[in-house]
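This is final_18.cif. It holds mmCIF, C-alpha atoms.
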data_target
#
loop_
_atom_site.label_atom_id
_atom_site.label_comp_id
_atom_site.auth_asym_id
_atom_site.auth_seq_id
_atom_site.Cartn_x
_atom_site.Cartn_y
_atom_site.Cartn_z
CA MET A 984 -4.28 -22.45 -14.54
CA ALA A 985 -2.33 -20.68 -11.85
CA VAL A 986 -3.26 -20.93 -8.18
CA VAL A 987 -4.18 -17.87 -6.11
CA SER A 988 -4.81 -18.11 -2.37
CA VAL A 989 -7.02 -15.68 -0.48
CA LYS A 990 -7.34 -15.25 3.26
CA VAL A 991 -10.79 -14.36 4.57
CA PRO A 992 -12.11 -13.88 8.09
CA LYS A 993 -13.23 -17.06 9.82
CA TRP A 994 -16.89 -16.03 9.74
CA VAL A 995 -16.71 -15.62 5.94
CA LYS A 996 -15.27 -19.11 5.55
CA GLU A 997 -18.05 -20.48 7.75
CA LYS A 998 -20.67 -18.77 5.60
CA MET A 999 -18.98 -20.07 2.45
CA ASN A 1000 -19.14 -23.59 3.86
CA ALA A 1001 -22.80 -23.11 4.78
CA TYR A 1002 -23.63 -22.13 1.19
CA GLY A 1003 -21.10 -24.46 -0.42
CA GLU A 1004 -23.69 -26.66 -2.14
CA ALA A 1005 -25.46 -23.66 -3.68
CA VAL A 1006 -22.37 -21.77 -4.83
CA GLU A 1007 -19.31 -22.91 -6.71
CA TRP A 1008 -16.89 -20.58 -4.91
CA PRO A 1009 -13.82 -21.05 -7.14
CA GLU A 1010 -15.88 -20.19 -10.22
CA GLU A 1011 -17.48 -17.18 -8.49
CA ILE A 1012 -14.10 -15.85 -7.38
CA ARG A 1013 -12.57 -16.46 -10.83
CA ARG A 1014 -15.46 -14.60 -12.49
CA LEU A 1015 -15.13 -11.68 -10.04
CA ILE A 1016 -11.39 -11.35 -10.66
CA ILE A 1017 -11.81 -11.49 -14.44
CA THR A 1018 -14.64 -8.94 -14.34
CA LYS A 1019 -12.52 -6.56 -12.24
CA ILE A 1020 -9.55 -6.91 -14.59
CA GLU A 1021 -11.76 -6.21 -17.62
CA GLU A 1022 -13.19 -3.12 -15.88
CA LEU A 1023 -9.71 -1.81 -15.07
CA GLU A 1024 -8.56 -2.43 -18.65
CA ARG A 1025 -11.54 -0.45 -19.99
CA ILE A 1026 -10.74 2.43 -17.62
CA ARG A 1027 -7.10 2.38 -18.71
CA ALA A 1028 -8.11 2.36 -22.40
CA VAL A 1029 -10.42 5.36 -21.90
CA GLU A 1030 -7.69 7.24 -20.03
CA LYS A 1031 -5.25 6.50 -22.86
CA ALA A 1032 -7.78 7.67 -25.47
CA ILE A 1033 -8.40 10.88 -23.53
CA LYS A 1034 -4.66 11.60 -23.41
CA ILE A 1035 -4.41 11.06 -27.18
CA LEU A 1036 -7.43 13.29 -27.84
CA GLU A 1037 -6.03 16.02 -25.61
CA GLN A 1038 -2.96 16.19 -27.87
CA ILE A 1039 -5.06 16.85 -30.98
CA PRO A 1040 -5.50 20.57 -31.59
CA PRO A 1041 -9.08 21.83 -31.81
CA THR A 1042 -10.52 22.38 -35.27
CA PRO A 1043 -11.53 25.87 -36.34
CA LYS A 1044 -15.14 26.85 -35.75
CA GLY A 1045 -17.37 25.89 -38.66
CA THR A 1046 -15.23 22.97 -39.84
CA ALA A 1047 -17.97 20.38 -39.33
CA LYS A 1048 -20.49 22.55 -41.18
CA ASP A 1049 -18.06 23.02 -44.07
CA LEU A 1050 -17.30 19.30 -44.29
CA VAL A 1051 -20.99 18.36 -44.28
CA ARG A 1052 -21.74 20.98 -46.95
CA GLU A 1053 -18.83 19.73 -49.07
CA ASP A 1054 -20.04 16.14 -48.78
CA ARG A 1055 -23.62 17.06 -49.69
CA ASP A 1056 -22.48 19.08 -52.68
CA ARG A 1057 -20.60 16.06 -54.07
CA HIS A 1058 -23.77 13.96 -54.26
#

Will you turn the file into structure tokens for me?
Amino acid sequence: MAVVSVKVPKWVKEKMNAYGEAVEWPEEIRRLIITKIEELERIRAVEKAIKILEQIPPTPKGTAKDLVREDRDRH
């Protein structure tokens, strides 16, 4: 694993020390960072999908109805 250092205000460090036995801070911070990265990756994927969809021309009105009718007629 790589090491990442974070500076926090003194009062935060004091609170972290006070709750140190109840919280495994490195694991909490790791989980928070990973969760944030996953959230940002989902946002980026949606933005990319939207850009791709915006490039697709709209289908003519009635296309869905015609395709459903065609599929039903085949069965």

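With distances restricted to only C-alpha atoms, A:Val987 is the closest residue to Ile1012 of chain A from A:Leu1036, A:Ala1028, A:Val1051, A:Val987.
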
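Put simply, atom CA of Lys990 of chain A is 16.7 Å away from atom CA of Glu1010 of chain A.
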
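Atom pair atom CA of Asp1049 of chain A / atom CA of Val1029 of chain A has a distance of 29.4 Å (rounded to one decimal).
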
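The interatomic distance for the pair atom CA of Arg1025 of chain A and atom CA of Glu1007 of chain A works out to 27.2 Å.
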
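Distances to Ala985 of chain A were evaluated for A:Arg1027, A:Lys1034, A:Arg1055, A:Arg1013 using only C-alpha atoms, and the minimum falls at A:Arg1013.
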
Please rebuild segment 1017-1048 of chain A with N, CA and C atoms and return the result as a tab-separated table (two decimals), in the frame of the given file.
chain	number	residue	atom	x	y	z
A	1017	ILE	N	-11.84	-11.79	-13.00
A	1017	ILE	CA	-11.81	-11.49	-14.44
A	1017	ILE	C	-12.62	-10.24	-14.75
A	1018	THR	N	-13.79	-10.12	-14.13
A	1018	THR	CA	-14.64	-8.94	-14.34
A	1018	THR	C	-13.92	-7.67	-13.90
A	1019	LYS	N	-13.25	-7.73	-12.75
A	1019	LYS	CA	-12.52	-6.56	-12.24
A	1019	LYS	C	-11.38	-6.18	-13.17
A	1020	ILE	N	-10.65	-7.18	-13.66
A	1020	ILE	CA	-9.55	-6.91	-14.59
A	1020	ILE	C	-10.08	-6.27	-15.87
A	1021	GLU	N	-11.18	-6.78	-16.40
A	1021	GLU	CA	-11.76	-6.21	-17.62
A	1021	GLU	C	-12.20	-4.76	-17.38
A	1022	GLU	N	-12.78	-4.49	-16.22
A	1022	GLU	CA	-13.19	-3.12	-15.88
A	1022	GLU	C	-11.98	-2.19	-15.82
A	1023	LEU	N	-10.91	-2.64	-15.17
A	1023	LEU	CA	-9.71	-1.81	-15.07
A	1023	LEU	C	-9.07	-1.59	-16.44
A	1024	GLU	N	-9.11	-2.59	-17.30
A	1024	GLU	CA	-8.56	-2.43	-18.65
A	1024	GLU	C	-9.38	-1.43	-19.46
A	1025	ARG	N	-10.71	-1.44	-19.30
A	1025	ARG	CA	-11.54	-0.45	-19.99
A	1025	ARG	C	-11.23	0.96	-19.50
A	1026	ILE	N	-11.08	1.11	-18.19
A	1026	ILE	CA	-10.74	2.43	-17.62
A	1026	ILE	C	-9.40	2.90	-18.17
A	1027	ARG	N	-8.42	2.02	-18.20
A	1027	ARG	CA	-7.10	2.38	-18.71
A	1027	ARG	C	-7.17	2.77	-20.19
A	1028	ALA	N	-7.98	2.05	-20.97
A	1028	ALA	CA	-8.11	2.36	-22.40
A	1028	ALA	C	-8.76	3.73	-22.60
A	1029	VAL	N	-9.76	4.05	-21.79
A	1029	VAL	CA	-10.42	5.36	-21.90
A	1029	VAL	C	-9.43	6.46	-21.51
A	1030	GLU	N	-8.68	6.25	-20.43
A	1030	GLU	CA	-7.69	7.24	-20.03
A	1030	GLU	C	-6.65	7.47	-21.12
A	1031	LYS	N	-6.23	6.39	-21.77
A	1031	LYS	CA	-5.25	6.50	-22.86
A	1031	LYS	C	-5.86	7.27	-24.04
A	1032	ALA	N	-7.12	6.97	-24.36
A	1032	ALA	CA	-7.78	7.67	-25.47
A	1032	ALA	C	-7.93	9.15	-25.16
A	1033	ILE	N	-8.26	9.47	-23.92
A	1033	ILE	CA	-8.40	10.88	-23.53
A	1033	ILE	C	-7.07	11.61	-23.69
A	1034	LYS	N	-5.98	10.98	-23.27
A	1034	LYS	CA	-4.66	11.60	-23.41
A	1034	LYS	C	-4.33	11.85	-24.88
A	1035	ILE	N	-4.67	10.89	-25.74
A	1035	ILE	CA	-4.41	11.06	-27.18
A	1035	ILE	C	-5.26	12.20	-27.72
A	1036	LEU	N	-6.54	12.24	-27.35
A	1036	LEU	CA	-7.43	13.29	-27.84
A	1036	LEU	C	-7.02	14.67	-27.35
A	1037	GLU	N	-6.47	14.73	-26.14
A	1037	GLU	CA	-6.03	16.02	-25.61
A	1037	GLU	C	-4.85	16.59	-26.40
A	1038	GLN	N	-4.12	15.74	-27.08
A	1038	GLN	CA	-2.96	16.19	-27.87
A	1038	GLN	C	-3.37	16.70	-29.24
A	1039	ILE	N	-4.59	16.41	-29.66
A	1039	ILE	CA	-5.06	16.85	-30.98
A	1039	ILE	C	-5.55	18.28	-30.85
A	1040	PRO	N	-5.05	19.18	-31.68
A	1040	PRO	CA	-5.50	20.57	-31.59
A	1040	PRO	C	-6.96	20.69	-32.01
A	1041	PRO	N	-7.68	21.65	-31.44
A	1041	PRO	CA	-9.08	21.83	-31.81
A	1041	PRO	C	-9.20	22.31	-33.26
A	1042	THR	N	-10.29	21.93	-33.90
A	1042	THR	CA	-10.52	22.38	-35.27
A	1042	THR	C	-11.15	23.76	-35.25
A	1043	PRO	N	-10.93	24.53	-36.29
A	1043	PRO	CA	-11.53	25.87	-36.34
A	1043	PRO	C	-13.05	25.79	-36.35
A	1044	LYS	N	-13.69	26.80	-35.80
A	1044	LYS	CA	-15.14	26.85	-35.75
A	1044	LYS	C	-15.71	26.82	-37.18
A	1045	GLY	N	-16.73	26.00	-37.35
A	1045	GLY	CA	-17.37	25.89	-38.66
A	1045	GLY	C	-16.83	24.76	-39.52
A	1046	THR	N	-15.82	24.05	-39.05
A	1046	THR	CA	-15.23	22.97	-39.84
A	1046	THR	C	-16.24	21.87	-40.13
A	1047	ALA	N	-16.98	21.44	-39.13
A	1047	ALA	CA	-17.97	20.38	-39.33
A	1047	ALA	C	-19.01	20.80	-40.37
A	1048	LYS	N	-19.49	22.03	-40.24
A	1048	LYS	CA	-20.49	22.55	-41.18
A	1048	LYS	C	-19.93	22.54	-42.60
